[in-house]
Structures are given as C-alpha cells and as structure tokens.
Amino acid sequence: MGKTPGEVTILLVDDDSISVRLVTRALRKSKVDNEIVVADDGVMALDILRGINGQEPLKQPYLILLDIVMPRMDGHQFLEEIRNDPKLRGSIVFVLTTSNNEHDMFRAYDSCVAGYIVKSEVGTDFMKLVQMLEPYTFTIKFPPATRTDE
Amino acid sequence: MTPDCSLVFRGIESGMRAAMQAEQLSKVQAVLIEFFLKLFDTEGFPKRRNCGPAWTDEHAQLHILSDFAIAFAYFAIPCVIAYFILRRRKDLPFMPILGLFAAFILTCGIGHAIEATIFWHPWYRLSGIIKLATAIVSWATVFVLIPAVPKVLSYPGMAETNQKLELEIRERKKTESELITLVEKHRATQQEMEIYAEELERSNRDLDEFAYSASHDLRSPLRAIDGLTRIVIEDVGEQLPDETREDLHMIQHRVERLDRLLNDLLEYSRVGRSPDEIQVIDVGQMLGDAIEIVIPPPGFSVEWQDMPTIKTNRAPLELVFRNLIQNAIKHHDAPGGIIEIKAEPTKTGTKFSVIDDGPGIPAEYQKLVFGMFKTLKPRDEVEGSGMGLALIKKIVETQGGKIRIVSEGRGACFEFTWPNRRKRKRKKTDGKDAGRSHDSAG
C-alpha cells in the first residue's frame, strides 16, 4: 500500500540488447520514467530478484517482461523457478517474445503469466507495448513490498 | 444228419410222392424237389477214399489238407478285403467288383472245404450246388469286369500317382519356402518401415526445431534492423538527405519482405502437421470471414452464390481461399476488378473455382507459378514471398485435392477440388485445450 505507480520497477529479461534498447527507448519516449532493470537471461534475473553477493533483492512492486529464448536459463525455466519459490511466486510476469509458437503460449499461461505478448504484434518500436503497460501500472494494484499475511 | 431231420425229410418225401402220383407236380419240379430234399443225403454215393484202389491214406491226406488250406486261405481273402473296405477306405473305386470278387473267393473256399469232406462224407449234391454257385458268381464277376476294364486302365498307376504326388510335394515345399521367404521379406520391410517412420518422426522434429529457431534466430535480427532503422528515421530523419531517407525505407521494406517470407516458410512447413479439426462449415459464411481478413482494396469485389455446407477442416480451406483472393488482387493490372468464387459438387467432394478478371497467366507459365519462390514479376513490383501458390498447392494436396489453372487470354481461374471428409483422422493432442489461457492468466 502507499506505493505510487511510478515506483513500479520494470525488470526486463532479454538477451537481445537491441530489443532492450528499443523497449527502454519506447518507455522513455512515452515519459514512463519507472526504474528499468535489465537481465540478460533467467539466471541473471533470478540473481537480481533474490539478491546475491550482498546485493539487495529487487524491491516490490515490480513487473517482469520476460523473453522466452535465452541462453543459460530460458523463459520457461525461469517461470518454473519463480513459481516454486515462495518469495517470488506472486511475481507479475508478461512474456515478451518473438515466438508465436502455441506450445510456448500454453506453457507460459500454465505458469500463470499475466499476458503473452508477441514482439511482432507491438510494432518494431514497441509503442503498443508501452501503450498497454502504462495504464496497466496505474490501474493494477500491486502487492505490498513485504508480506504480512503469513 | 440227425434222425429227427431224416424223419422230417422222409415225411416230406412221402407227401411229395403222393402228390406226384396224383400228377399234381410236373416232372422237372419233382426232380428239383427231390434233389434239394436229398441235398445233404449221401446214400448211394461212395466215399471218395473208396473210389479206387490207388487211393491211399497219404493221397487222401494230401488232398484233404490242401483243400482245407486253400479253403481257409480263400475265407481269409474276403475277410481282409472286407476289413479294408469297411474300416479304412470307403473311397476305393470299383466297390461292386471287389464285392463280387470276395463272393467268388468265398464260394471257391466253400467248394474246396466240401471237396475235402467228400473223402469221408460223400455229399455230392451239396458239392454240386456249391460249384454251381461258384460258377454263377465267377461269371457275374466276368461280366462286371469286362465293362470296368477300360476304366481300370484309365486309372493312373501307382507309380504315376506317386510321381505326381512327389511332384506336388516338391511344389508345395517350394511354395512353402517361397512363402517363408516372403514372410521374412515382409518382416524386413516392416522393420524398414519402422525405421523410416522413426526417421520421419525425427526429421519432423528437426523441422519443428528448425521452424522454431528460424522464427526466433532469424526474426530477432530482422526486428532489430527494423527497429534501429526506425529509430534513426525518427531521431534524425528530418536532417537526412532525401536519398538516404529513401534508402532507410528500402531497408525497412526488405526487412518486411524477409519477415513475410519467413512466415510463409514456417506456414509451409506446418501444412499437414497441424491439428485436424473436422467440422461442418458453411462455405459462404467462411468466405465472409476470409474477406474480413483480406480486406479487398476499393474497386475490388469478391462475389459468390450458393455456397455449399461441407464437412471439412476449416483452417486450411480458409487459408487457400484467402491466399487465392489475395493473389488475384495482388496480380491484378487494373485499379479494380471482380473475383468470382464458384462451387460445384463432385462425387467425392466439391470443386471450387476462384475466377478473376486480371491479366491472366500465359500457358507456358501456368505450371511454373506453383513452384516455390516463383513469381512472374520482379520482386520489387509485387510484394510477396513467391510462396503463396506453392503453399496453396501443398495445402490442397495434403487434403487429397488437386489444383490447376485455367487461363486463356485475360482472366485466370484457379480450380481446386476439396474432398469430403467422413471419418475423423487421428487427432493430435497439441492445442486441444485452447482457451484455458484465460483461466490461468495472472
């Protein structure tokens, strides 16, 4: 409670640096100045979420934009990992991928993603993604940073 | 002969004599009756042993023993014949002859037995009757044998039969070994088939994997190029010389084309491997849906009348129509035109025609257009991957239909058959639970 939408951190998990650059640019262009954290793959994203080497775990509220095909740990494996982690289980994840393979879609939704976005559908400039995310971060209530119900 | 019997005979005899005297019986009858009455009577006949001074006990014994030996052998022969005929082989030919032969032998045997007894019991009358019986049976046998001889001769001899049998056995053994070879071959073929099936499955998996990485690994860089080009145009487009800006747009166009080609390639690789959903569809309604996706440019209209309702897999049929309509519009040389769709029932399904009033396709190119990456115009003039018709052909043929072009002068007619589907083919499990995504979405 008490968090403003602007405080929602966006964790971008994608190994394609140009894709990352384009998404970041699109967000900034639309005056979305939320903090953006980038991870190259699933392993790095988990490290950021859990906090390693004395680093603080990523603070709630956050929203994950997850690519599927990545080196080391791909999107599906990453989803499996966080859904089995009591602390990360509730994470809000949007899949953002080039794959419009139905198998990927089923697997992603089985892992309770908030939405499956195919990159080719949001324009090469990702503007449609930003147009979707902006109201989302304002309308959707994110869970508080710390759990008090356990 | 027992005294009682002789008394009875005497009685009959005296009665008969009385009858004869009364001239009630003819002479022949009387002789016959007397003969049979005295059948077992030995009176007035000498024992053969006493029939001459040359007879000695040794002579008599030789005759008696030989006659009995012959008699018993003769009794045995019909018994053996009867045993074989009755117990083993009811299918033997010439049964009546065999029966007669048995009777003939039997009477001969009886004759010899009586001959033996005559040495001490001279019942010559009985002996005569038995000889008569033997004579009758012998002649009967002769008369039955005569017409049977040609038949018997025509019967294959044992040797011949055996030869034939051997030949047949050899033939059968040969057939058997051939059969075994065939079975083995069949088994080998089956194994081969299994290997091929496995290979096919593996190659399908490879294709899936290829399609998957193609869609990612090839498309990602494309998107990156397109995105970066867009950024450049956005950021500094105003300051760039017109030519450079045009170059950037051309980069974007090529990227789009490559993207479309990728999509079509993937689509092509997927034909026939997507889930097979058979449903009853109203083709007219389906065409309406297809038009909504194609959105013909102003000036173009797509027309149809009386479309049937058919049972088929909807997605590929719609894809074929969409591609054909798009194709007709894309290659039209006038700012507007009419595309007409017709349907005609056939024995096994429906024949559809998509007819346009465009430039038509010259005969020499008609076969060519179904090839992959074939277009009849330079790439830059018509936006297309060159796979549209190849894809359509593959879809139609996968469904068991055929496609051809009818075009003379202006206008082209793409005519394809679409077989009816009765049974559901095996259904793949992929994608069967479409829709559950809504339940689980965060």
# chains A, B, ... in the order shown; residues from 1 in each chain; ligands from 1
$ select_by_dssp --residues "segment 242-368 of chain B" --states "strand (DSSP E or B)" --output "PyMOL selection string"
chain B and resi 278-282+300-304+309-313+337-345+349-356
$ interface_residues --of "chain A" --to "chain B" --cutoff "7 Å" --atoms "only C-alpha atoms" --output "list in words"
Ile18, Ser19, Leu22, Thr98, Ser99, Phe106, Tyr109, Asp110, Cys112, Val113, Ala114, Gly115, Thr124 and Asp125 of chain A
$ write_last_selection --atoms "all heavy atoms" --output "mmCIF file, in the first residue's frame"
data_model
loop_
_atom_site.group_PDB
_atom_site.id
_atom_site.type_symbol
_atom_site.label_atom_id
_atom_site.label_comp_id
_atom_site.auth_asym_id
_atom_site.auth_seq_id
_atom_site.Cartn_x
_atom_site.Cartn_y
_atom_site.Cartn_z
ATOM 1 N N ILE A 18 19.427 -5.043 -28.557
ATOM 2 C CA ILE A 18 18.705 -4.047 -29.350
ATOM 3 C C ILE A 18 17.240 -4.009 -28.932
ATOM 4 O O ILE A 18 16.630 -2.953 -28.824
ATOM 5 C CB ILE A 18 18.852 -4.339 -30.854
ATOM 6 C CG1 ILE A 18 20.334 -4.180 -31.245
ATOM 7 C CG2 ILE A 18 17.974 -3.415 -31.680
ATOM 8 C CD1 ILE A 18 20.654 -4.621 -32.640
ATOM 9 N N SER A 19 16.713 -5.196 -28.652
ATOM 10 C CA SER A 19 15.340 -5.265 -28.175
ATOM 11 C C SER A 19 15.217 -4.478 -26.861
ATOM 12 O O SER A 19 14.281 -3.695 -26.670
ATOM 13 C CB SER A 19 14.952 -6.730 -27.975
ATOM 14 O OG SER A 19 13.636 -6.825 -27.522
ATOM 15 N N LEU A 22 15.333 -0.832 -27.572
ATOM 16 C CA LEU A 22 14.108 -0.323 -28.183
ATOM 17 C C LEU A 22 12.980 -0.207 -27.160
ATOM 18 O O LEU A 22 12.219 0.758 -27.164
ATOM 19 C CB LEU A 22 13.681 -1.226 -29.347
ATOM 20 C CG LEU A 22 14.604 -1.199 -30.577
ATOM 21 C CD1 LEU A 22 14.228 -2.289 -31.557
ATOM 22 C CD2 LEU A 22 14.551 0.170 -31.259
ATOM 23 N N THR A 98 9.615 -13.184 -29.436
ATOM 24 C CA THR A 98 9.385 -13.257 -30.884
ATOM 25 C C THR A 98 8.555 -14.494 -31.241
ATOM 26 O O THR A 98 8.003 -14.590 -32.322
ATOM 27 C CB THR A 98 10.711 -13.379 -31.658
ATOM 28 O OG1 THR A 98 11.468 -14.440 -31.083
ATOM 29 C CG2 THR A 98 11.497 -12.096 -31.629
ATOM 30 N N SER A 99 8.483 -15.420 -30.283
ATOM 31 C CA SER A 99 7.835 -16.698 -30.593
ATOM 32 C C SER A 99 6.311 -16.611 -30.537
ATOM 33 O O SER A 99 5.749 -16.239 -29.511
ATOM 34 C CB SER A 99 8.308 -17.764 -29.599
ATOM 35 O OG SER A 99 7.416 -18.846 -29.598
ATOM 36 N N PHE A 106 1.018 -21.945 -24.386
ATOM 37 C CA PHE A 106 0.392 -22.814 -23.373
ATOM 38 C C PHE A 106 1.275 -22.930 -22.148
ATOM 39 O O PHE A 106 0.814 -22.806 -21.019
ATOM 40 C CB PHE A 106 0.113 -24.205 -23.951
ATOM 41 C CG PHE A 106 -1.066 -24.211 -24.877
ATOM 42 C CD1 PHE A 106 -0.952 -24.715 -26.157
ATOM 43 C CD2 PHE A 106 -2.301 -23.706 -24.452
ATOM 44 C CE1 PHE A 106 -2.034 -24.713 -27.018
ATOM 45 C CE2 PHE A 106 -3.387 -23.702 -25.306
ATOM 46 C CZ PHE A 106 -3.257 -24.212 -26.593
ATOM 47 N N TYR A 109 1.232 -19.614 -20.120
ATOM 48 C CA TYR A 109 -0.004 -19.385 -19.359
ATOM 49 C C TYR A 109 -0.173 -20.427 -18.255
ATOM 50 O O TYR A 109 -0.758 -20.142 -17.215
ATOM 51 C CB TYR A 109 -1.210 -19.353 -20.300
ATOM 52 C CG TYR A 109 -1.352 -18.010 -20.989
ATOM 53 C CD1 TYR A 109 -1.201 -17.878 -22.353
ATOM 54 C CD2 TYR A 109 -1.623 -16.862 -20.226
ATOM 55 C CE1 TYR A 109 -1.311 -16.649 -22.985
ATOM 56 C CE2 TYR A 109 -1.730 -15.621 -20.842
ATOM 57 C CZ TYR A 109 -1.574 -15.509 -22.215
ATOM 58 O OH TYR A 109 -1.683 -14.297 -22.813
ATOM 59 N N ASP A 110 0.344 -21.623 -18.495
ATOM 60 C CA ASP A 110 0.314 -22.628 -17.425
ATOM 61 C C ASP A 110 1.133 -22.165 -16.231
ATOM 62 O O ASP A 110 0.881 -22.568 -15.106
ATOM 63 C CB ASP A 110 0.868 -23.965 -17.936
ATOM 64 C CG ASP A 110 -0.155 -24.712 -18.774
ATOM 65 O OD1 ASP A 110 -1.335 -24.301 -18.744
ATOM 66 O OD2 ASP A 110 0.210 -25.686 -19.451
ATOM 67 N N CYS A 112 1.122 -19.217 -15.196
ATOM 68 C CA CYS A 112 0.425 -18.056 -14.648
ATOM 69 C C CYS A 112 1.058 -16.721 -15.031
ATOM 70 O O CYS A 112 1.310 -15.873 -14.163
ATOM 71 C CB CYS A 112 0.337 -18.143 -13.122
ATOM 72 S SG CYS A 112 -0.435 -19.641 -12.586
ATOM 73 N N VAL A 113 1.305 -16.530 -16.307
ATOM 74 C CA VAL A 113 1.785 -15.205 -16.702
ATOM 75 C C VAL A 113 0.588 -14.272 -16.872
ATOM 76 O O VAL A 113 -0.538 -14.722 -17.096
ATOM 77 C CB VAL A 113 2.603 -15.256 -18.025
ATOM 78 C CG1 VAL A 113 3.861 -16.066 -17.830
ATOM 79 C CG2 VAL A 113 1.764 -15.797 -19.167
ATOM 80 N N ALA A 114 0.849 -12.985 -16.729
ATOM 81 C CA ALA A 114 -0.238 -12.004 -16.815
ATOM 82 C C ALA A 114 -0.637 -11.752 -18.265
ATOM 83 O O ALA A 114 -1.746 -11.289 -18.538
ATOM 84 C CB ALA A 114 0.206 -10.697 -16.158
ATOM 85 N N GLY A 115 0.272 -12.059 -19.162
ATOM 86 C CA GLY A 115 -0.050 -11.861 -20.563
ATOM 87 C C GLY A 115 1.080 -12.350 -21.440
ATOM 88 O O GLY A 115 2.222 -12.469 -20.979
ATOM 89 N N THR A 124 7.705 -2.628 -34.380
ATOM 90 C CA THR A 124 9.136 -2.728 -34.108
ATOM 91 C C THR A 124 9.586 -1.656 -33.116
ATOM 92 O O THR A 124 10.652 -1.762 -32.538
ATOM 93 C CB THR A 124 9.956 -2.604 -35.403
ATOM 94 O OG1 THR A 124 9.385 -1.578 -36.199
ATOM 95 C CG2 THR A 124 9.966 -3.912 -36.154
ATOM 96 N N ASP A 125 8.763 -0.655 -32.903
ATOM 97 C CA ASP A 125 9.155 0.393 -31.948
ATOM 98 C C ASP A 125 8.577 0.129 -30.549
ATOM 99 O O ASP A 125 8.743 0.928 -29.647
ATOM 100 C CB ASP A 125 8.732 1.771 -32.463
ATOM 101 C CG ASP A 125 7.247 1.815 -32.764
ATOM 102 O OD1 ASP A 125 6.555 0.794 -32.514
ATOM 103 O OD2 ASP A 125 6.767 2.855 -33.250
#
$ closest_residue --among "B:Lys402, B:Arg270, B:Lys351, B:Arg410" --to "Glu209 of chain B" --atoms "only C-alpha atoms"
B:Arg270
$ closest_residue --among "A:Glu7, A:Glu121, A:Asp15, A:Glu134" --to "Pro61 of chain A" --atoms "only C-alpha atoms"
A:Glu7
$ atom_distance --atom1 "atom CA of His103 of chain A" --atom2 "atom CA of Tyr116 of chain A"
12.1 Å
$ select_by_dssp --residues "chain A" --states "alpha helix (DSSP H)" --output "VMD selection string"
chain A and resid 17 to 29 42 to 50 75 to 83 102 to 110 127 to 139
$ write_last_selection --atoms "N, CA and C atoms" --output "compact mmCIF listing (two decimals), in the first residue's frame"
# COMPACT_ATOMS: atom_id res chain seq x y z
N SER A 17 20.14 -7.20 -26.98
CA SER A 17 20.40 -5.84 -26.47
C SER A 17 19.64 -4.79 -27.27
N ILE A 18 19.43 -5.04 -28.56
CA ILE A 18 18.70 -4.05 -29.35
C ILE A 18 17.24 -4.01 -28.93
N SER A 19 16.71 -5.20 -28.65
CA SER A 19 15.34 -5.27 -28.18
C SER A 19 15.22 -4.48 -26.86
N VAL A 20 16.20 -4.68 -25.97
CA VAL A 20 16.20 -3.97 -24.69
C VAL A 20 16.25 -2.47 -24.94
N ARG A 21 17.12 -2.11 -25.86
CA ARG A 21 17.28 -0.68 -26.14
C ARG A 21 15.99 -0.09 -26.69
N LEU A 22 15.33 -0.83 -27.57
CA LEU A 22 14.11 -0.32 -28.18
C LEU A 22 12.98 -0.21 -27.16
N VAL A 23 12.88 -1.19 -26.28
CA VAL A 23 11.83 -1.14 -25.24
C VAL A 23 12.09 0.05 -24.31
N THR A 24 13.33 0.15 -23.87
CA THR A 24 13.68 1.24 -22.95
C THR A 24 13.38 2.59 -23.60
N ARG A 25 13.78 2.70 -24.84
CA ARG A 25 13.58 3.94 -25.58
C ARG A 25 12.09 4.27 -25.70
N ALA A 26 11.31 3.22 -26.01
CA ALA A 26 9.87 3.44 -26.17
C ALA A 26 9.26 3.90 -24.85
N LEU A 27 9.69 3.29 -23.75
CA LEU A 27 9.16 3.69 -22.43
C LEU A 27 9.53 5.13 -22.11
N ARG A 28 10.81 5.45 -22.34
CA ARG A 28 11.27 6.80 -22.03
C ARG A 28 10.58 7.83 -22.91
N LYS A 29 10.37 7.44 -24.15
CA LYS A 29 9.73 8.35 -25.09
C LYS A 29 8.31 8.68 -24.67
N GLY A 42 17.65 -15.85 -17.65
CA GLY A 42 16.93 -16.26 -16.46
C GLY A 42 17.79 -16.28 -15.21
N VAL A 43 19.04 -16.75 -15.36
CA VAL A 43 19.92 -16.85 -14.20
C VAL A 43 20.17 -15.48 -13.60
N MET A 44 20.48 -14.55 -14.47
CA MET A 44 20.77 -13.19 -14.00
C MET A 44 19.52 -12.55 -13.40
N ALA A 45 18.37 -12.82 -13.99
CA ALA A 45 17.12 -12.27 -13.47
C ALA A 45 16.85 -12.80 -12.07
N LEU A 46 17.09 -14.12 -11.86
CA LEU A 46 16.89 -14.71 -10.53
C LEU A 46 17.83 -14.07 -9.52
N ASP A 47 19.10 -13.86 -9.95
CA ASP A 47 20.08 -13.22 -9.07
C ASP A 47 19.59 -11.85 -8.63
N ILE A 48 19.05 -11.12 -9.58
CA ILE A 48 18.57 -9.77 -9.26
C ILE A 48 17.38 -9.84 -8.30
N LEU A 49 16.45 -10.79 -8.57
CA LEU A 49 15.25 -10.91 -7.74
C LEU A 49 15.59 -11.38 -6.32
N ARG A 50 16.55 -12.29 -6.22
CA ARG A 50 16.88 -12.86 -4.91
C ARG A 50 17.94 -12.02 -4.18
N GLY A 75 13.08 -18.62 -20.68
CA GLY A 75 11.91 -18.04 -20.02
C GLY A 75 11.08 -19.08 -19.27
N HIS A 76 10.88 -20.25 -19.88
CA HIS A 76 10.08 -21.28 -19.23
C HIS A 76 10.71 -21.77 -17.94
N GLN A 77 12.02 -21.99 -18.02
CA GLN A 77 12.73 -22.46 -16.82
C GLN A 77 12.69 -21.40 -15.72
N PHE A 78 12.81 -20.15 -16.15
CA PHE A 78 12.77 -19.04 -15.19
C PHE A 78 11.39 -19.00 -14.49
N LEU A 79 10.33 -19.16 -15.29
CA LEU A 79 8.97 -19.15 -14.72
C LEU A 79 8.79 -20.29 -13.72
N GLU A 80 9.29 -21.45 -14.08
CA GLU A 80 9.19 -22.61 -13.19
C GLU A 80 9.88 -22.33 -11.87
N GLU A 81 11.06 -21.73 -12.02
CA GLU A 81 11.87 -21.42 -10.83
C GLU A 81 11.13 -20.46 -9.90
N ILE A 82 10.61 -19.37 -10.42
CA ILE A 82 9.97 -18.38 -9.53
C ILE A 82 8.64 -18.88 -8.99
N ARG A 83 7.91 -19.73 -9.79
CA ARG A 83 6.62 -20.22 -9.28
C ARG A 83 6.83 -21.22 -8.14
N GLU A 102 2.49 -21.92 -30.39
CA GLU A 102 1.39 -22.15 -29.44
C GLU A 102 1.86 -22.93 -28.22
N HIS A 103 2.85 -23.79 -28.44
CA HIS A 103 3.39 -24.56 -27.31
C HIS A 103 3.97 -23.61 -26.26
N ASP A 104 4.70 -22.60 -26.73
CA ASP A 104 5.25 -21.60 -25.81
C ASP A 104 4.14 -20.88 -25.06
N MET A 105 3.06 -20.57 -25.79
CA MET A 105 1.95 -19.85 -25.16
C MET A 105 1.31 -20.68 -24.06
N PHE A 106 1.02 -21.95 -24.39
CA PHE A 106 0.39 -22.81 -23.37
C PHE A 106 1.27 -22.93 -22.15
N ARG A 107 2.55 -23.15 -22.39
CA ARG A 107 3.47 -23.33 -21.26
C ARG A 107 3.52 -22.07 -20.41
N ALA A 108 3.56 -20.92 -21.08
CA ALA A 108 3.66 -19.65 -20.34
C ALA A 108 2.41 -19.44 -19.50
N TYR A 109 1.23 -19.61 -20.12
CA TYR A 109 0.00 -19.39 -19.36
C TYR A 109 -0.17 -20.43 -18.25
N ASP A 110 0.34 -21.62 -18.50
CA ASP A 110 0.31 -22.63 -17.42
C ASP A 110 1.13 -22.17 -16.23
N MET A 127 5.84 0.55 -29.33
CA MET A 127 4.96 1.57 -28.78
C MET A 127 3.67 0.98 -28.23
N LYS A 128 3.17 -0.06 -28.90
CA LYS A 128 1.92 -0.66 -28.41
C LYS A 128 2.12 -1.32 -27.05
N LEU A 129 3.32 -1.81 -26.83
CA LEU A 129 3.62 -2.42 -25.53
C LEU A 129 3.56 -1.36 -24.45
N VAL A 130 4.18 -0.24 -24.77
CA VAL A 130 4.19 0.84 -23.78
C VAL A 130 2.77 1.34 -23.54
N GLN A 131 2.01 1.46 -24.65
CA GLN A 131 0.62 1.92 -24.51
C GLN A 131 -0.19 0.96 -23.64
N MET A 132 0.18 -0.28 -23.65
CA MET A 132 -0.53 -1.26 -22.84
C MET A 132 -0.06 -1.20 -21.40
N LEU A 133 1.25 -1.07 -21.21
CA LEU A 133 1.81 -1.14 -19.87
C LEU A 133 1.50 0.10 -19.02
N GLU A 134 1.46 1.23 -19.69
CA GLU A 134 1.27 2.47 -18.94
C GLU A 134 -0.01 2.48 -18.11
N PRO A 135 -1.16 2.26 -18.77
CA PRO A 135 -2.37 2.19 -17.95
C PRO A 135 -2.36 1.00 -17.00
N TYR A 136 -1.70 -0.04 -17.38
CA TYR A 136 -1.65 -1.23 -16.54
C TYR A 136 -1.05 -0.90 -15.18
N THR A 137 0.10 -0.21 -15.22
CA THR A 137 0.78 0.10 -13.96
C THR A 137 -0.03 1.06 -13.10
N PHE A 138 -0.92 1.80 -13.76
CA PHE A 138 -1.77 2.73 -12.99
C PHE A 138 -3.01 2.04 -12.46
N THR A 139 -3.54 1.10 -13.21
CA THR A 139 -4.82 0.50 -12.86
C THR A 139 -4.68 -0.70 -11.94
$ residues_around --residues "Gly349 of chain B" --least-positions-apart "4" --cutoff "9 Å" --atoms "only C-alpha atoms" --output "list of chain:residue names"
B:Ile310, B:Glu344, B:Pro345, B:Gly401, B:Thr417, B:Trp418, B:Pro419, B:Asn420, B:Arg421
$ atom_distance --atom1 "atom CA of Asp206 of chain B" --atom2 "atom CA of Arg322 of chain B"
29.1 Å
$ decode --residues "segment 32-63 of chain A" --atoms "N, CA and C atoms" --output "compact mmCIF listing (two decimals), in the first residue's frame"
# COMPACT_ATOMS: atom_id res chain seq x y z
N VAL A 32 7.51 7.39 -19.52
CA VAL A 32 7.41 6.44 -18.42
C VAL A 32 8.81 6.38 -17.83
N ASP A 33 8.97 6.96 -16.64
CA ASP A 33 10.34 7.01 -16.12
C ASP A 33 10.54 6.05 -14.95
N ASN A 34 9.76 4.97 -14.95
CA ASN A 34 9.97 3.95 -13.92
C ASN A 34 11.39 3.40 -14.04
N GLU A 35 11.86 2.86 -12.92
CA GLU A 35 13.19 2.25 -12.95
C GLU A 35 13.15 1.01 -13.85
N ILE A 36 14.15 0.88 -14.70
CA ILE A 36 14.23 -0.30 -15.57
C ILE A 36 15.49 -1.07 -15.23
N VAL A 37 15.30 -2.34 -14.88
CA VAL A 37 16.44 -3.20 -14.59
C VAL A 37 16.52 -4.25 -15.70
N VAL A 38 17.72 -4.48 -16.19
CA VAL A 38 17.86 -5.42 -17.31
C VAL A 38 18.64 -6.66 -16.90
N ALA A 39 18.14 -7.81 -17.29
CA ALA A 39 18.87 -9.07 -17.08
C ALA A 39 19.02 -9.76 -18.44
N ASP A 40 20.21 -10.35 -18.64
CA ASP A 40 20.49 -10.98 -19.95
C ASP A 40 19.79 -12.32 -20.12
N ASP A 41 19.54 -13.00 -18.99
CA ASP A 41 18.89 -14.30 -19.08
C ASP A 41 18.24 -14.64 -17.75
N GLY A 42 17.65 -15.85 -17.65
CA GLY A 42 16.93 -16.26 -16.46
C GLY A 42 17.79 -16.28 -15.21
N VAL A 43 19.04 -16.75 -15.36
CA VAL A 43 19.92 -16.85 -14.20
C VAL A 43 20.17 -15.48 -13.60
N MET A 44 20.48 -14.55 -14.47
CA MET A 44 20.77 -13.19 -14.00
C MET A 44 19.52 -12.55 -13.40
N ALA A 45 18.37 -12.82 -13.99
CA ALA A 45 17.12 -12.27 -13.47
C ALA A 45 16.85 -12.80 -12.07
N LEU A 46 17.09 -14.12 -11.86
CA LEU A 46 16.89 -14.71 -10.53
C LEU A 46 17.83 -14.07 -9.52
N ASP A 47 19.10 -13.86 -9.95
CA ASP A 47 20.08 -13.22 -9.07
C ASP A 47 19.59 -11.85 -8.63
N ILE A 48 19.05 -11.12 -9.58
CA ILE A 48 18.57 -9.77 -9.26
C ILE A 48 17.38 -9.84 -8.30
N LEU A 49 16.45 -10.79 -8.57
CA LEU A 49 15.25 -10.91 -7.74
C LEU A 49 15.59 -11.38 -6.32
N ARG A 50 16.55 -12.29 -6.22
CA ARG A 50 16.88 -12.86 -4.91
C ARG A 50 17.94 -12.02 -4.18
N GLY A 51 18.76 -11.32 -4.98
CA GLY A 51 19.84 -10.53 -4.40
C GLY A 51 21.00 -11.43 -4.03
N ILE A 52 22.08 -11.32 -4.73
CA ILE A 52 23.27 -12.12 -4.38
C ILE A 52 24.46 -11.20 -4.20
N ASN A 53 25.52 -11.76 -3.65
CA ASN A 53 26.75 -11.02 -3.39
C ASN A 53 26.48 -9.75 -2.59
N GLY A 54 25.66 -9.89 -1.57
CA GLY A 54 25.39 -8.76 -0.69
C GLY A 54 24.47 -7.72 -1.29
N GLN A 55 24.03 -7.97 -2.52
CA GLN A 55 23.09 -7.02 -3.15
C GLN A 55 21.70 -7.19 -2.55
N GLU A 56 20.97 -6.13 -2.51
CA GLU A 56 19.58 -6.18 -2.04
C GLU A 56 18.71 -6.87 -3.07
N PRO A 57 17.78 -7.72 -2.63
CA PRO A 57 16.83 -8.27 -3.61
C PRO A 57 16.00 -7.13 -4.20
N LEU A 58 15.54 -7.34 -5.43
CA LEU A 58 14.74 -6.30 -6.10
C LEU A 58 13.48 -6.04 -5.29
N LYS A 59 13.21 -4.78 -5.06
CA LYS A 59 12.10 -4.42 -4.18
C LYS A 59 10.77 -4.46 -4.91
N GLN A 60 9.75 -4.89 -4.21
CA GLN A 60 8.39 -4.81 -4.74
C GLN A 60 7.99 -3.34 -4.75
N PRO A 61 7.09 -2.87 -5.56
CA PRO A 61 6.47 -3.66 -6.62
C PRO A 61 7.32 -3.68 -7.89
N TYR A 62 7.30 -4.80 -8.53
CA TYR A 62 7.99 -4.88 -9.82
C TYR A 62 7.16 -5.69 -10.82
N LEU A 63 7.55 -5.50 -12.05
CA LEU A 63 6.83 -6.15 -13.14
C LEU A 63 7.91 -6.72 -14.07
